[in-house]
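**Q** Sharing input_24.cif here; it has mmCIF, C-alpha atoms.
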data_coords
loop_
_atom_site.label_atom_id
_atom_site.label_comp_id
_atom_site.auth_asym_id
_atom_site.auth_seq_id
_atom_site.Cartn_x
_atom_site.Cartn_y
_atom_site.Cartn_z
CA MET A 1 70.36 134.47 -60.21
CA LYS A 2 68.05 132.79 -62.70
CA LYS A 3 68.00 134.19 -66.21
CA VAL A 4 64.68 135.90 -66.95
CA PHE A 5 65.26 138.20 -69.92
CA ILE A 6 65.25 136.85 -73.44
CA GLU A 7 66.11 138.88 -76.55
CA GLY A 8 63.01 139.07 -78.78
CA ALA A 9 59.86 136.95 -78.69
CA ILE A 10 59.58 133.75 -76.64
CA SER A 11 59.19 130.90 -79.12
CA SER A 12 56.85 127.95 -78.77
CA GLU A 13 59.94 125.70 -79.08
CA PHE A 14 61.46 127.36 -76.02
CA ILE A 15 58.24 126.70 -74.11
CA ALA A 16 58.16 123.08 -75.28
CA ASP A 17 61.77 122.60 -74.12
CA SER A 18 60.92 123.98 -70.68
CA ILE A 19 58.00 121.57 -70.39
CA ALA A 20 60.08 118.61 -71.56
CA LYS A 21 62.77 119.38 -68.97
CA HIS A 22 60.23 118.80 -66.19
CA GLN A 23 59.38 115.28 -67.28
CA SER A 24 62.22 113.85 -65.21
CA LYS A 25 60.74 115.34 -62.02
CA HIS A 26 58.44 112.54 -60.92
CA SER A 27 57.01 114.31 -57.89
CA ILE A 28 55.28 116.91 -60.10
CA GLY A 29 51.59 116.33 -60.80
CA ALA A 30 50.46 119.72 -62.10
CA HIS A 31 51.88 122.55 -64.19
CA ASN A 32 50.31 125.92 -64.86
CA ILE A 33 51.61 128.22 -67.57
CA PHE A 34 50.76 131.82 -68.32
CA LEU A 35 51.67 133.32 -71.68
CA GLY A 36 51.23 136.97 -72.56
CA GLN A 37 50.79 137.64 -76.27
CA VAL A 38 51.13 141.05 -77.94
CA ARG A 39 47.68 142.21 -79.03
CA ALA A 40 46.88 144.35 -82.10
CA ASP A 41 45.21 147.01 -79.97
CA GLN A 42 43.48 149.88 -81.72
CA VAL A 43 44.94 153.32 -80.90
CA GLU A 44 42.66 155.90 -82.50
CA ASP A 45 42.86 154.97 -86.21
CA GLN A 46 46.14 153.09 -85.85
CA LYS A 47 46.95 149.58 -84.65
CA VAL A 48 49.75 148.27 -82.46
CA VAL A 49 52.13 146.19 -84.59
CA ALA A 50 54.85 145.46 -82.01
CA ILE A 51 56.11 146.32 -78.55
CA GLU A 52 59.74 147.22 -77.87
CA TYR A 53 60.63 146.22 -74.33
CA THR A 54 63.41 147.68 -72.24
CA ALA A 55 64.15 147.09 -68.57
CA TYR A 56 66.21 148.42 -65.73
CA GLU A 57 67.81 144.99 -65.58
CA GLU A 58 69.79 145.23 -62.32
CA MET A 59 66.73 146.31 -60.35
CA ALA A 60 64.43 143.94 -62.28
CA ASN A 61 66.60 140.96 -61.39
CA GLU A 62 66.59 141.92 -57.71
CA LYS A 63 62.80 142.33 -57.72
CA LEU A 64 62.29 139.05 -59.58
CA HIS A 65 64.41 137.28 -56.99
CA GLU A 66 62.21 138.70 -54.20
CA ILE A 67 59.05 137.73 -56.10
CA ARG A 68 60.29 134.15 -56.55
CA GLU A 69 61.11 133.86 -52.84
CA SER A 70 57.71 135.21 -51.81
CA ALA A 71 55.91 132.78 -54.14
CA PHE A 72 57.76 129.80 -52.65
CA GLU A 73 56.73 131.03 -49.19
CA LYS A 74 53.07 131.57 -50.10
CA PHE A 75 52.44 128.46 -52.22
CA ASP A 76 53.46 124.82 -52.11
CA LEU A 77 55.49 124.71 -55.34
CA THR A 78 58.10 122.35 -56.73
CA CYS A 79 59.56 124.92 -59.09
CA LEU A 80 58.77 128.12 -60.95
CA HIS A 81 60.20 129.96 -63.91
CA ILE A 82 59.66 133.48 -65.21
CA TYR A 83 60.81 134.66 -68.65
CA HIS A 84 60.28 138.07 -70.23
CA SER A 85 61.26 139.48 -73.60
CA LEU A 86 63.48 142.46 -74.22
CA GLY A 87 63.62 144.20 -77.60
CA THR A 88 60.96 143.88 -80.27
CA VAL A 89 58.02 141.50 -79.93
CA LYS A 90 55.55 141.57 -82.79
CA VAL A 91 51.79 141.23 -82.60
CA GLY A 92 50.83 137.56 -82.01
CA GLU A 93 54.19 136.78 -80.42
CA ILE A 94 54.77 135.89 -76.77
CA CYS A 95 56.48 138.36 -74.42
CA ILE A 96 56.04 136.74 -70.98
CA PHE A 97 56.12 133.09 -69.92
CA VAL A 98 55.41 132.13 -66.31
CA PHE A 99 55.66 128.43 -65.46
CA VAL A 100 54.64 126.97 -62.09
CA SER A 101 54.88 123.30 -61.07
CA SER A 102 53.60 121.53 -57.99
CA LYS A 103 52.87 118.09 -56.60
CA ARG A 104 49.13 118.78 -56.78
CA ARG A 105 47.02 121.14 -58.80
CA LYS A 106 45.23 123.06 -56.07
CA GLN A 107 47.51 126.12 -55.79
CA VAL A 108 49.06 126.36 -59.24
CA TYR A 109 46.46 128.68 -60.78
CA GLU A 110 46.65 131.19 -57.94
CA ALA A 111 50.45 131.01 -57.86
CA THR A 112 50.65 131.82 -61.58
CA GLU A 113 48.22 134.71 -61.21
CA TYR A 114 50.21 136.04 -58.25
CA LEU A 115 53.48 135.89 -60.19
CA VAL A 116 52.11 137.59 -63.29
CA ASN A 117 50.58 140.38 -61.21
CA GLN A 118 53.78 140.86 -59.22
CA VAL A 119 55.84 141.12 -62.41
CA LYS A 120 53.43 143.65 -63.90
CA GLU A 121 53.30 145.78 -60.75
CA HIS A 122 56.81 145.65 -59.38
CA VAL A 123 59.35 144.86 -62.09
CA PRO A 124 60.81 147.87 -63.96
CA ILE A 125 60.05 146.85 -67.54
CA PHE A 126 58.98 149.44 -70.11
CA GLY A 127 57.08 148.94 -73.35
CA LYS A 128 57.01 151.14 -76.41
CA GLU A 129 53.99 150.28 -78.52
CA ILE A 130 54.83 150.71 -82.21
CA LEU A 131 51.85 151.69 -84.35
CA ASP A 132 51.40 150.86 -88.02
CA ASN A 133 52.16 154.44 -89.07
CA ALA A 134 55.55 154.01 -87.28
CA GLU A 135 54.54 156.35 -84.47
CA HIS A 136 54.58 155.02 -80.94
CA GLN A 137 53.09 155.37 -77.49
CA TRP A 138 54.29 154.16 -74.12
CA LYS A 139 52.42 151.19 -72.68
CA VAL A 140 51.02 151.47 -69.16
CA ASN A 141 49.79 148.39 -67.30
CA SER A 142 46.18 148.50 -66.18
CA MET B 143 32.66 117.90 -82.04
CA LYS B 144 36.24 118.83 -81.16
CA LYS B 145 38.73 116.02 -80.79
CA VAL B 146 39.79 115.59 -77.14
CA PHE B 147 41.24 112.12 -76.81
CA ILE B 148 44.81 111.40 -77.82
CA GLU B 149 46.40 107.96 -77.86
CA GLY B 150 49.27 107.87 -75.34
CA ALA B 151 51.06 110.78 -73.68
CA ILE B 152 50.63 114.40 -74.82
CA SER B 153 54.02 115.50 -76.17
CA SER B 154 55.65 118.88 -75.60
CA GLU B 155 55.76 119.25 -79.43
CA PHE B 156 51.98 118.91 -79.58
CA ILE B 157 51.67 121.64 -76.94
CA ALA B 158 54.11 123.88 -78.82
CA ASP B 159 52.09 123.41 -82.04
CA SER B 160 48.89 124.41 -80.24
CA ILE B 161 50.55 127.54 -78.90
CA ALA B 162 52.01 128.45 -82.32
CA LYS B 163 48.57 128.09 -83.96
CA HIS B 164 47.27 130.92 -81.78
CA GLN B 165 49.85 133.43 -82.95
CA SER B 166 47.68 134.46 -85.88
CA LYS B 167 44.86 135.48 -83.51
CA HIS B 168 45.78 139.09 -82.82
CA SER B 169 42.94 139.80 -80.40
CA ILE B 170 44.40 137.36 -77.84
CA GLY B 171 46.47 138.90 -75.03
CA ALA B 172 46.62 136.07 -72.49
CA HIS B 173 46.85 132.29 -72.51
CA ASN B 174 46.63 129.96 -69.55
CA ILE B 175 47.65 126.31 -69.81
CA PHE B 176 47.17 123.50 -67.33
CA LEU B 177 49.17 120.29 -67.73
CA GLY B 178 48.62 117.19 -65.61
CA GLN B 179 51.71 115.00 -65.29
CA VAL B 180 51.70 111.39 -64.03
CA ARG B 181 53.32 111.29 -60.61
CA ALA B 182 55.39 108.40 -59.18
CA ASP B 183 53.07 108.07 -56.17
CA GLN B 184 54.03 105.65 -53.44
CA VAL B 185 51.48 102.84 -52.90
CA GLU B 186 52.60 100.91 -49.82
CA ASP B 187 56.07 99.67 -50.82
CA GLN B 188 55.44 100.06 -54.55
CA LYS B 189 55.51 103.06 -56.87
CA VAL B 190 53.21 104.07 -59.70
CA VAL B 191 55.08 103.69 -63.02
CA ALA B 192 52.24 104.49 -65.45
CA ILE B 193 48.52 105.07 -65.76
CA GLU B 194 46.38 103.31 -68.35
CA TYR B 195 43.45 105.52 -69.25
CA THR B 196 40.15 104.34 -70.70
CA ALA B 197 36.98 106.35 -71.26
CA TYR B 198 33.34 105.95 -72.07
CA GLU B 199 34.03 108.05 -75.14
CA GLU B 200 30.48 108.74 -76.40
CA MET B 201 29.37 110.06 -73.02
CA ALA B 202 32.71 111.80 -72.43
CA ASN B 203 32.39 113.73 -75.69
CA GLU B 204 28.85 114.83 -74.82
CA LYS B 205 29.97 115.98 -71.36
CA LEU B 206 33.01 117.78 -72.74
CA HIS B 207 30.78 119.63 -75.18
CA GLU B 208 28.55 120.78 -72.28
CA ILE B 209 31.60 121.80 -70.25
CA ARG B 210 32.98 123.87 -73.14
CA GLU B 211 29.64 125.63 -73.62
CA SER B 212 29.34 126.42 -69.92
CA ALA B 213 32.89 127.83 -69.81
CA PHE B 214 32.16 130.17 -72.74
CA GLU B 215 29.05 131.35 -70.88
CA LYS B 216 30.84 131.89 -67.56
CA PHE B 217 34.06 133.49 -68.80
CA ASP B 218 35.07 135.95 -71.49
CA LEU B 219 37.21 133.63 -73.63
CA THR B 220 38.46 133.76 -77.20
CA CYS B 221 39.00 130.01 -77.41
CA LEU B 222 39.61 126.93 -75.33
CA HIS B 223 40.97 123.46 -75.94
CA ILE B 224 40.90 120.29 -73.84
CA TYR B 225 43.03 117.23 -74.61
CA HIS B 226 43.22 114.01 -72.59
CA SER B 227 45.24 110.85 -73.09
CA LEU B 228 43.88 107.36 -73.57
CA GLY B 229 46.04 104.25 -73.16
CA THR B 230 49.35 104.21 -71.33
CA VAL B 231 50.96 107.36 -69.96
CA LYS B 232 54.21 106.83 -68.08
CA VAL B 233 55.42 108.66 -65.00
CA GLY B 234 56.65 112.17 -65.95
CA GLU B 235 54.49 112.26 -69.07
CA ILE B 236 51.52 114.53 -69.63
CA CYS B 237 47.96 113.15 -69.62
CA ILE B 238 45.78 116.29 -69.69
CA PHE B 239 46.26 119.62 -71.47
CA VAL B 240 43.77 122.45 -70.97
CA PHE B 241 44.40 125.64 -72.95
CA VAL B 242 42.40 128.84 -72.46
CA SER B 243 42.88 132.09 -74.40
CA SER B 244 41.35 135.50 -73.86
CA LYS B 245 41.72 139.14 -74.82
CA ARG B 246 42.84 139.98 -71.28
CA ARG B 247 44.38 137.97 -68.49
CA LYS B 248 41.86 138.54 -65.71
CA GLN B 249 39.67 135.44 -66.12
CA VAL B 250 42.03 132.91 -67.69
CA TYR B 251 43.31 131.38 -64.45
CA GLU B 252 39.83 130.78 -63.06
CA ALA B 253 38.58 129.47 -66.41
CA THR B 254 41.39 126.91 -66.56
CA GLU B 255 40.75 125.80 -62.97
CA TYR B 256 37.03 125.46 -63.72
CA LEU B 257 37.67 123.35 -66.81
CA VAL B 258 40.15 121.03 -65.10
CA ASN B 259 37.77 120.50 -62.17
CA GLN B 260 34.81 119.87 -64.48
CA VAL B 261 36.76 117.27 -66.45
CA LYS B 262 37.86 115.51 -63.26
CA GLU B 263 34.35 115.48 -61.77
CA HIS B 264 32.06 114.91 -64.71
CA VAL B 265 33.86 113.18 -67.57
CA PRO B 266 33.82 109.34 -67.52
CA ILE B 267 37.54 108.64 -67.73
CA PHE B 268 39.09 105.76 -65.79
CA GLY B 269 42.71 105.27 -64.75
CA LYS B 270 44.49 102.06 -63.90
CA GLU B 271 47.65 102.84 -61.95
CA ILE B 272 50.37 100.35 -62.84
CA LEU B 273 52.81 99.66 -60.00
CA ASP B 274 56.43 98.65 -60.41
CA ASN B 275 55.68 95.04 -59.39
CA ALA B 276 53.20 94.96 -62.33
CA GLU B 277 50.20 94.95 -60.02
CA HIS B 278 47.66 97.73 -60.34
CA GLN B 279 45.07 99.79 -58.53
CA TRP B 280 42.23 101.95 -59.82
CA LYS B 281 42.78 105.68 -59.54
CA VAL B 282 40.09 107.77 -57.83
CA ASN B 283 40.13 111.57 -58.13
CA SER B 284 40.34 113.44 -54.85
CA MET C 285 79.64 163.36 -60.00
CA ILE C 286 76.15 161.92 -59.87
CA THR C 287 74.86 159.55 -62.53
CA VAL C 288 71.15 159.34 -63.31
CA ASN C 289 69.59 156.59 -65.45
CA TYR C 290 66.53 157.26 -67.59
CA PHE C 291 63.97 154.80 -68.95
CA GLY C 292 60.98 154.80 -71.26
CA ASN C 293 59.49 158.17 -72.13
CA ILE C 294 61.84 159.94 -69.71
CA ALA C 295 64.85 158.61 -71.62
CA GLU C 296 63.06 159.90 -74.69
CA ALA C 297 62.59 163.38 -73.15
CA ALA C 298 66.21 163.46 -71.96
CA GLN C 299 67.36 162.03 -75.32
CA SER C 300 69.65 159.74 -73.34
CA ASP C 301 69.61 156.57 -71.19
CA SER C 302 72.00 158.00 -68.64
CA GLU C 303 73.61 161.27 -67.70
CA THR C 304 76.40 162.38 -65.37
CA LEU C 305 75.85 165.58 -63.43
CA GLU C 306 78.72 167.69 -62.12
CA TYR C 307 77.80 167.58 -58.45
CA ASN C 308 79.42 165.73 -55.59
CA THR C 309 76.33 165.73 -53.44
CA LEU C 310 72.81 166.83 -54.14
CA SER C 311 69.51 166.36 -52.37
CA LEU C 312 66.82 164.33 -54.12
CA ALA C 313 64.59 167.44 -54.24
CA GLU C 314 67.38 169.48 -55.87
CA LEU C 315 68.00 166.73 -58.42
CA LEU C 316 64.33 166.54 -59.40
CA ASP C 317 64.11 170.34 -59.71
CA LEU C 318 67.20 170.39 -61.86
CA LEU C 319 65.89 167.66 -64.17
CA ASP C 320 62.48 169.29 -64.42
CA SER C 321 64.08 172.53 -65.51
CA LYS C 322 66.12 170.65 -68.16
CA TYR C 323 63.53 168.18 -69.49
CA ALA C 324 60.16 169.17 -67.99
CA ILE C 325 59.94 165.68 -66.44
CA GLY C 326 57.28 167.02 -64.06
CA LYS C 327 54.66 166.36 -66.73
CA PHE C 328 55.37 162.59 -66.71
CA PRO C 329 54.30 160.10 -64.08
CA PHE C 330 57.45 158.44 -62.75
CA GLN C 331 59.04 156.88 -59.68
CA VAL C 332 62.57 157.31 -58.39
CA ALA C 333 64.81 154.38 -57.50
CA VAL C 334 67.96 154.88 -55.45
CA ASN C 335 70.25 151.89 -55.37
CA ARG C 336 67.52 149.80 -57.02
CA LYS C 337 64.88 150.56 -54.36
CA ILE C 338 61.89 152.81 -54.95
CA VAL C 339 62.01 155.92 -52.74
CA SER C 340 59.38 158.60 -52.24
CA LYS C 341 60.07 161.76 -54.27
CA GLN C 342 59.39 163.69 -51.05
CA GLN C 343 61.98 161.78 -49.07
CA ILE C 344 64.78 163.96 -47.65
CA LEU C 345 67.76 162.22 -49.12
CA SER C 346 71.28 163.29 -49.86
CA LEU C 347 72.66 161.72 -53.03
CA SER C 348 76.33 161.12 -53.72
CA ASP C 349 78.37 159.64 -56.51
CA SER C 350 78.20 156.11 -55.11
CA ASP C 351 74.40 156.09 -55.47
CA GLU C 352 72.69 154.41 -58.42
CA ILE C 353 69.79 156.72 -59.34
CA ALA C 354 67.04 155.93 -61.85
CA LEU C 355 63.84 157.62 -63.03
CA LEU C 356 61.20 155.00 -63.83
CA PRO C 357 58.01 155.63 -65.82
CA PRO C 358 55.01 153.34 -65.17
CA PHE C 359 55.91 149.68 -65.51
CA ALA C 360 54.62 147.84 -68.57
CA GLY C 361 55.90 144.29 -68.24
CA GLY C 362 53.82 141.31 -69.29
CA MET D 363 18.23 91.98 -75.61
CA ILE D 364 19.79 94.53 -73.34
CA THR D 365 23.41 95.54 -73.65
CA VAL D 366 25.38 96.76 -70.64
CA ASN D 367 28.81 98.43 -70.88
CA TYR D 368 31.38 98.04 -68.14
CA PHE D 369 34.34 100.24 -67.30
CA GLY D 370 37.32 100.27 -64.96
CA ASN D 371 37.26 97.80 -62.09
CA ILE D 372 33.70 96.74 -62.98
CA ALA D 373 34.87 95.62 -66.43
CA GLU D 374 37.60 93.78 -64.56
CA ALA D 375 35.07 92.06 -62.25
CA ALA D 376 32.83 91.18 -65.21
CA GLN D 377 35.89 90.16 -67.25
CA SER D 378 34.35 92.02 -70.16
CA ASP D 379 33.74 95.55 -71.50
CA SER D 380 30.21 94.81 -72.58
CA GLU D 381 27.59 92.11 -72.24
CA THR D 382 24.24 91.34 -73.85
CA LEU D 383 21.52 90.04 -71.56
CA GLU D 384 18.63 87.93 -72.88
CA TYR D 385 15.81 90.23 -71.79
CA ASN D 386 13.55 92.49 -73.82
CA THR D 387 12.68 94.76 -70.94
CA LEU D 388 14.02 94.89 -67.43
CA SER D 389 13.76 97.45 -64.63
CA LEU D 390 16.93 99.17 -63.52
CA ALA D 391 16.55 97.59 -60.05
CA GLU D 392 16.26 94.11 -61.59
CA LEU D 393 19.32 94.72 -63.76
CA LEU D 394 21.43 95.81 -60.79
CA ASP D 395 20.28 92.79 -58.74
CA LEU D 396 21.12 90.47 -61.59
CA LEU D 397 24.60 91.95 -62.06
CA ASP D 398 25.27 91.90 -58.35
CA SER D 399 24.43 88.21 -58.21
CA LYS D 400 26.76 87.53 -61.16
CA TYR D 401 29.72 89.80 -60.30
CA ALA D 402 29.16 91.11 -56.75
CA ILE D 403 29.27 94.65 -58.15
CA GLY D 404 27.56 95.85 -54.95
CA LYS D 405 30.97 96.04 -53.31
CA PHE D 406 32.19 98.69 -55.79
CA PRO D 407 31.28 102.35 -55.83
CA PHE D 408 29.74 103.07 -59.23
CA GLN D 409 27.18 105.20 -61.06
CA VAL D 410 24.75 104.15 -63.77
CA ALA D 411 24.39 105.98 -67.08
CA VAL D 412 21.39 105.39 -69.33
CA ASN D 413 21.77 106.88 -72.78
CA ARG D 414 24.89 108.71 -71.61
CA LYS D 415 23.17 110.48 -68.69
CA ILE D 416 23.79 109.60 -65.06
CA VAL D 417 20.63 108.24 -63.39
CA SER D 418 20.01 107.45 -59.74
CA LYS D 419 20.30 103.73 -58.98
CA GLN D 420 17.01 104.09 -57.10
CA GLN D 421 15.17 105.55 -60.07
CA ILE D 422 12.18 103.48 -61.27
CA LEU D 423 13.16 102.95 -64.86
CA SER D 424 12.23 100.37 -67.45
CA LEU D 425 15.11 99.48 -69.74
CA SER D 426 14.74 98.17 -73.25
CA ASP D 427 17.08 97.14 -76.04
CA SER D 428 17.29 100.63 -77.48
CA ASP D 429 18.85 101.96 -74.26
CA GLU D 430 22.59 102.43 -73.90
CA ILE D 431 23.44 101.33 -70.37
CA ALA D 432 26.80 101.74 -68.64
CA LEU D 433 28.20 101.08 -65.17
CA LEU D 434 30.78 103.73 -64.30
CA PRO D 435 33.29 103.51 -61.44
CA PRO D 436 34.62 106.75 -59.93
CA PHE D 437 36.08 109.08 -62.56
CA ALA D 438 39.83 109.45 -62.68
CA GLY D 439 40.49 111.88 -65.52
CA GLY D 440 43.24 114.45 -65.34
#
As structure tokens, what does this structure read like?
**A**
Amino acid sequence: MKKVFIEGAISSEFIADSIAKHQSKHSIGAHNIFLGQVRADQVEDQKVVAIEYTAYEEMANEKLHEIRESAFEKFDLTCLHIYHSLGTVKVGEICIFVFVSSKRRKQVYEATEYLVNQVKEHVPIFGKEILDNAEHQWKVNS
Amino acid sequence: MKKVFIEGAISSEFIADSIAKHQSKHSIGAHNIFLGQVRADQVEDQKVVAIEYTAYEEMANEKLHEIRESAFEKFDLTCLHIYHSLGTVKVGEICIFVFVSSKRRKQVYEATEYLVNQVKEHVPIFGKEILDNAEHQWKVNS
Amino acid sequence: MITVNYFGNIAEAAQSDSETLEYNTLSLAELLDLLDSKYAIGKFPFQVAVNRKIVSKQQILSLSDSDEIALLPPFAGG
Amino acid sequence: MITVNYFGNIAEAAQSDSETLEYNTLSLAELLDLLDSKYAIGKFPFQVAVNRKIVSKQQILSLSDSDEIALLPPFAGG
């Protein structure tokens, strides 16, 4: 089982490391990366300042495994990685990192989009949006 | 005129810096990144070990400016960046970095694909593929 | 004994991430009625997972203490 | 004097990135004939840019020393 969940925000150094690790794979010609960043959304007269993520980890890991398998079946990929934050991620910080690599570029965009949508729809992750008056609301994916 | 050309390979640190610079933009919710990596393609009984890139820079910069403008017209983007190597880029190293950011994720994949295709089709960049016997052939985009 | 796991705003309503109920078997419908009477969970949108698979709330299902039961509000990953 | 810029395998064939020809004006067709006789560029696929815009090789065009002319092999960016 590949490790997906990371405590806190996903740092740019972590992303750089992941990219660097692929430089020894000489069959790869194209990478596509999706990053989700926490937005300072307006909620009435308040603003979102952070999201606190929790997950039903056992089920999430099973679902993520199925999603990975289905992506390898649908698209011609060399490798793929999915990382998601747990705990607090502040506005401007990164909470999801999807990384797809392939011999050629043709399918990488669609594969990334597929993975991000699958994670949003099918993986039991929950987000508590913290507002600047310290109140909160529960995030729902659109 | 934004700077596009970079001497040599695009490092993972450079990519990390670009990502980190966007963390102060709190309206961004989604980034998409395309990276092109030099592949060890087989050419008869030889292998590609590096590509030497040259460009008609004056025309390339004009074209890149047009491509940027057209992408902002077509897609709802917060910002976009295009970087391309000149000079020698070895196998496994990164030669193109396209970075698209938007409020929401919907259009970022298509915007990145559009930009990469536009650069490949319309920007006068030339690539000399160096083989491991020190011979070379001229790359042609498919 | 049947253990139920709560997440998101349902955990908030139940003031707990997990709870053990003093039943040996219970139908899914009985469980949901019981929890609605305790926490008014009927007002929230949620799905039920049994053994880490989503099941319909209408499904006729007998739960026992070996089952892993979870109430899942709308997903918000990404 | 008309300056022509070469790139990629055409620069290789011409053994130069740029060359100044001793003409004050010249049609595009005459230029291409001249360069083909010097470097056999006819065997390569290429496009012509005048002042950084692609023009058809068949276009009737009079070139002068203020024009920026370039012969461009197939693009290979990315």
**Q** Applied to the shown file, which residues does the PyMOL selection byres ((chain A and resi 59-76) around 9) return, written as an NGL selection string?
**A** (:A and (1-4 or 55-58 or 77-82 or 102-104 or 107-108 or 110-111 or 114-115 or 118-119 or 122-125)) or (:C and (333 or 335-337))
**Q** So that I have them on file, write out the residues from the current selection with C-alpha atoms, as a PDB file, in the coordinates of the input.
**A**
ATOM      1  CA  MET A   1      70.360 134.470 -60.210  1.00  0.00           C
ATOM      2  CA  LYS A   2      68.050 132.790 -62.700  1.00  0.00           C
ATOM      3  CA  LYS A   3      68.000 134.190 -66.210  1.00  0.00           C
ATOM      4  CA  VAL A   4      64.680 135.900 -66.950  1.00  0.00           C
ATOM      5  CA  ALA A  55      64.150 147.090 -68.570  1.00  0.00           C
ATOM      6  CA  TYR A  56      66.210 148.420 -65.730  1.00  0.00           C
ATOM      7  CA  GLU A  57      67.810 144.990 -65.580  1.00  0.00           C
ATOM      8  CA  GLU A  58      69.790 145.230 -62.320  1.00  0.00           C
ATOM      9  CA  LEU A  77      55.490 124.710 -55.340  1.00  0.00           C
ATOM     10  CA  THR A  78      58.100 122.350 -56.730  1.00  0.00           C
ATOM     11  CA  CYS A  79      59.560 124.920 -59.090  1.00  0.00           C
ATOM     12  CA  LEU A  80      58.770 128.120 -60.950  1.00  0.00           C
ATOM     13  CA  HIS A  81      60.200 129.960 -63.910  1.00  0.00           C
ATOM     14  CA  ILE A  82      59.660 133.480 -65.210  1.00  0.00           C
ATOM     15  CA  SER A 102      53.600 121.530 -57.990  1.00  0.00           C
ATOM     16  CA  LYS A 103      52.870 118.090 -56.600  1.00  0.00           C
ATOM     17  CA  ARG A 104      49.130 118.780 -56.780  1.00  0.00           C
ATOM     18  CA  GLN A 107      47.510 126.120 -55.790  1.00  0.00           C
ATOM     19  CA  VAL A 108      49.060 126.360 -59.240  1.00  0.00           C
ATOM     20  CA  GLU A 110      46.650 131.190 -57.940  1.00  0.00           C
ATOM     21  CA  ALA A 111      50.450 131.010 -57.860  1.00  0.00           C
ATOM     22  CA  TYR A 114      50.210 136.040 -58.250  1.00  0.00           C
ATOM     23  CA  LEU A 115      53.480 135.890 -60.190  1.00  0.00           C
ATOM     24  CA  GLN A 118      53.780 140.860 -59.220  1.00  0.00           C
ATOM     25  CA  VAL A 119      55.840 141.120 -62.410  1.00  0.00           C
ATOM     26  CA  HIS A 122      56.810 145.650 -59.380  1.00  0.00           C
ATOM     27  CA  VAL A 123      59.350 144.860 -62.090  1.00  0.00           C
ATOM     28  CA  PRO A 124      60.810 147.870 -63.960  1.00  0.00           C
ATOM     29  CA  ILE A 125      60.050 146.850 -67.540  1.00  0.00           C
TER      30      ILE A 125
ATOM     31  CA  ALA C 333      64.810 154.380 -57.500  1.00  0.00           C
ATOM     32  CA  ASN C 335      70.250 151.890 -55.370  1.00  0.00           C
ATOM     33  CA  ARG C 336      67.520 149.800 -57.020  1.00  0.00           C
ATOM     34  CA  LYS C 337      64.880 150.560 -54.360  1.00  0.00           C
TER      35      LYS C 337
END
**Q** Can you turn the PyMOL selection byres ((chain C and resi 354) around 9) into a concrete residue list for this file, as a PyMOL selection string?
**A** (chain A and resi 56) or (chain C and resi 287-291+302+331-336+352-353+355-356)
**Q** Based on only C-alpha atoms, which of the residues in chain D come within 6 Å of chain B? I want them as a ChimeraX atom specification.
**A** /D:370,414,436-440
**Q** Could you work out which residues of chain A fall inside 8 Å of chain B? Count all atoms listed in the file, and format the result as an MDAnalysis selection string.
**A** chainID A and resid 12:13 15:17 19:20 22:41 91:93 103 109:110 112:113
**Q** Might you pull out every residue within 9 Å of segment 404-408 of chain D, with all atoms listed in the file counted and same-chain residues fewer than 2 positions away left off, and present them as a list in words?
**A**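 Using all atoms listed in the file, the neighbours found are Asn371, Ile372, Leu394, Asp395, Leu397, Asp398, Ser399, Tyr401, Ala402, Val410, Leu433, Leu434, Pro435 and Pro436 of chain D.
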**Q** May I ask for the distance between atom CA of Ile364 of chain D and atom CA of Ser418 of chain D, given in Å to one decimal place?
**A** 18.8 Å
**Q** Skipping near chain neighbours, those fewer than 4 positions away, what residues fall within 7 Å of Val190 of chain B using only C-alpha atoms, listed as a short mmCIF file (atom, residue, chain, number, x, y, z; two decimals) with C-alpha atoms, in the frame of the given file?
**A**
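As a result, selection-v8.cif now contains:
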data_model
loop_
_atom_site.label_atom_id
_atom_site.label_comp_id
_atom_site.auth_asym_id
_atom_site.auth_seq_id
_atom_site.Cartn_x
_atom_site.Cartn_y
_atom_site.Cartn_z
CA ALA B 182 55.39 108.40 -59.18
CA ASP B 183 53.07 108.07 -56.17
CA GLN B 184 54.03 105.65 -53.44
CA GLU B 271 47.65 102.84 -61.95
CA ILE B 272 50.37 100.35 -62.84
CA LEU B 273 52.81 99.66 -60.00
CA ASP B 274 56.43 98.65 -60.41
#
